[in-house]
Structure formats: structure tokens, C-alpha cells
Amino acid sequence: MAKKTFAQRLKALFGIHSKEDDAFFDDLTDILIEGDVGAKTAVEIVDTLQTRCREKRITGSEAITEELFSMFEPYVKKTDLIPEAGKVNIYMVLGVNGVGKTTSVAKMARLYSKYGFNVIMSASDTFRAAAVDQLAKHGERLGIRVVKHQMGSDPSAVVFDAGEACRANGGGLVLADTAGRLHNKENLVNELKKIDRVARTKADEGCYKKILVIDATTGQNAVRQAEVFNEAIGLDAIVLTKYDSTAKGGEIITIGKELGIPVAFVCTGEKYPDIEAFNPASYVRDFLSN
């Protein structure tokens, strides 16, 4: 049986409690945490909400839900990743294994190619043959160039060559698919720092972005991944995969509030067109209403 969404639990909460007293707000804190909003963030939100409800005399499910919406929306941030025409743009795509990173690279490649950008995919996950082969197949299907090296070669060298190829073509966008780094492996994080240094030197000024792909179904694990990658090399944006109305969704509220990292794209399926620009208001409405 599928777990209840935050919205379903919230609706049930109003049915259980006849008034919005301390017990109600304590239970609200619990269901926020169950909805993958971090404990610290959940406590702060509910404390503020309780004060607002008391001061503004807000009562009832509809009014309290609307007040929650007004509180959540500023925490949920978005960004528009728009490459600069005529320049070398490099987007390094990060994430642990299993989040849909390579497929997300292909989706973004198709999207930017449709917008008229010269796109190159860099197969910088040189540790898994399957990853290089998968990206090469995406390239064949989409008619998009893939720069790749032999298995086990230096991933930063692949990014270097992709950047050179992009410059030789008069600019465009390099989407670098990096290895599925285990966020608790120090040596792998250090290797990401090396790729970061190379990518920074090959991209034109202001045209280098670091994008973390996270799985919407993994909750607080996604928050921890964002913390570690952000601390290691800094993050500019997030791509959220495997998102539908059954995903709990609270992790994006925590990531936005605690880390200030915006979301660029949401992926809702496996097909190439299943990617869309992130809409904070729709996301919060889904979290509160679906």
C-alpha cells in the first residue's frame, strides 16, 4: 500500500483535531518531517505558523493551508539555466548512482539542442563502461555529438577535450556526465574537484554551472547529497528526477531554505520529452494539495 502524501496527512490532521491547539501543531511538525521536510526546518516552520495563526486569528483547514503555502513558496527556489550564445558553456552534471543522471543529461541535451544551441555531451563517467555506452546511444538517437575516451581514463581530460571541441565550433554547451559519486567517499569527491578545476578553465567566464541530479523519492538522502556536493564544489542548480504527485516533495523545501540551491528542471518520466522547467508555485501546490 502506497504511503500517504503530506497533503493526505494534512487533510486527516484537520479531521482528527477539532481545534488548532498545541497538539495540532505538534502533529503538524511530525507530518512535515514524515513528508521529508528536515526536522530543524519543520520545527521552525511550525513555530512561525503557530505565531502567525495566533496573531492573525487564522483558523480552519483552508486558511491554514494557504498560510503554509505563503511560507513555503519563498523557500522553494528556481533558476533558468540559459547558455550564453557564442561562448563555451559547461554544465557539470553530478549525482550518485541510480538517480537518473545520464538520462537527465540526454534530456537536457535534447532540450537545449531544440533551442538552437550547439550541444556536446561529455562522457566523463569513465569508470563504468555502461555509462559511456549509454551516453553514446543517447547521442546516436538524438543526433548529438558525444566526446568520450577509453574506460578508466582521466574524466577531467574528457571534459577538457569537450570544451576544446565546443570552442572550435564557435561556442555552445558541454553537458558533462560525471561518475555516480558516493557522497561519503573522500577520494571521489577530490576527483570531482579536479574535474571542477578543468571545467572552470575551459568555460568562458560566468558560463560554468554545477548541477546536482536528485531522486524525488529519496527524501532526506537527497538533502544529504546536496549538502555534501555543495560543500565539496558548490552547486548552482538541481534537477529533480522521478517526480510525480506521489513523491513526498519536502526535500526541496529543506534544500531551498537551508542551502539556498534553486531547482532548474523536473523530470517526470523516462522519455526524452519528460523534462520541464521547475515551477515553484506548482510544486508547493502539489505538496499541499495532492
# chains A, B, ... in the order shown; residues from 1 in each chain; ligands from 1
$ closest_atom_pairs --of "region 60-144 of chain A" --to "region 43-56 of chain A" --cutoff "9 Å" --atoms "only C-alpha atoms" --output "CSV"
residue,atom,partner,partner_atom,distance
A:Ile64,CA,A:Cys53,CA,7.5
A:Glu67,CA,A:Leu49,CA,7.5
A:Leu68,CA,A:Leu49,CA,7.2
A:Met71,CA,A:Ile45,CA,7.6
A:Phe72,CA,A:Ile45,CA,8.4
$ residues_around --residues "Phe265 (chain A)" --least-positions-apart "3" --cutoff "9 Å" --atoms "only C-alpha atoms" --output "PyMOL selection string"
chain A and resi 78-80+108+237-241+275-279
$ write_last_selection --atoms "C-alpha atoms" --output "PDB file, in the first residue's frame"
ATOM      1  CA  LYS A  78      14.095  28.161  -9.183  1.00  0.00           C
ATOM      2  CA  THR A  79      16.724  29.105 -11.737  1.00  0.00           C
ATOM      3  CA  ASP A  80      16.709  29.359 -15.517  1.00  0.00           C
ATOM      4  CA  MET A 108      18.805  18.394 -21.264  1.00  0.00           C
ATOM      5  CA  ALA A 237      21.141  24.151  -9.605  1.00  0.00           C
ATOM      6  CA  ILE A 238      19.236  20.926  -9.085  1.00  0.00           C
ATOM      7  CA  VAL A 239      17.452  18.609 -11.477  1.00  0.00           C
ATOM      8  CA  LEU A 240      14.710  16.634  -9.743  1.00  0.00           C
ATOM      9  CA  THR A 241      14.010  13.207 -11.257  1.00  0.00           C
ATOM     10  CA  ILE A 275      11.550  17.256 -18.598  1.00  0.00           C
ATOM     11  CA  GLU A 276      10.210  20.693 -17.842  1.00  0.00           C
ATOM     12  CA  ALA A 277      11.278  23.938 -16.235  1.00  0.00           C
ATOM     13  CA  PHE A 278      10.678  23.970 -12.499  1.00  0.00           C
ATOM     14  CA  ASN A 279       7.670  25.931 -11.266  1.00  0.00           C
TER      15      ASN A 279
END
$ select_by_dssp --residues "region 54-163 of chain A" --states "helix (DSSP H, G or I)" --output "PyMOL selection string"
chain A and resi 54-56+61-72+101-114+129-142+155-163
$ residues_around --residues "Ala216 (chain A)" --least-positions-apart "5" --cutoff "9 Å" --atoms "only C-alpha atoms" --output "list of chain:residue names"
A:Val99, A:Ala222, A:Leu240, A:Thr241, A:Lys242, A:Tyr243, A:Asp244, A:Ala247, A:Lys248, A:Gly249, A:Glu251, A:Ile252
$ atom_distance --atom1 "CA of Arg141 (chain A)" --atom2 "CA of Asn118 (chain A)"
16.1 Å
$ residues_around --residues "region 127-138 of chain A" --least-positions-apart "5" --cutoff "10 Å" --atoms "only C-alpha atoms" --output "list of chain:residue names"
A:Lys101, A:Thr102, A:Thr103, A:Val105, A:Ala106, A:Lys107, A:Ala109, A:Arg110, A:Met121, A:Ser122, A:Gly143, A:Ile144, A:Arg145, A:Val146, A:Val147, A:Lys148, A:His149, A:Gln150, A:Met151, A:Gly152, A:Ser153, A:Asp154, A:Pro155, A:Asp177, A:Thr178, A:Ala179, A:Gly180, A:Tyr272
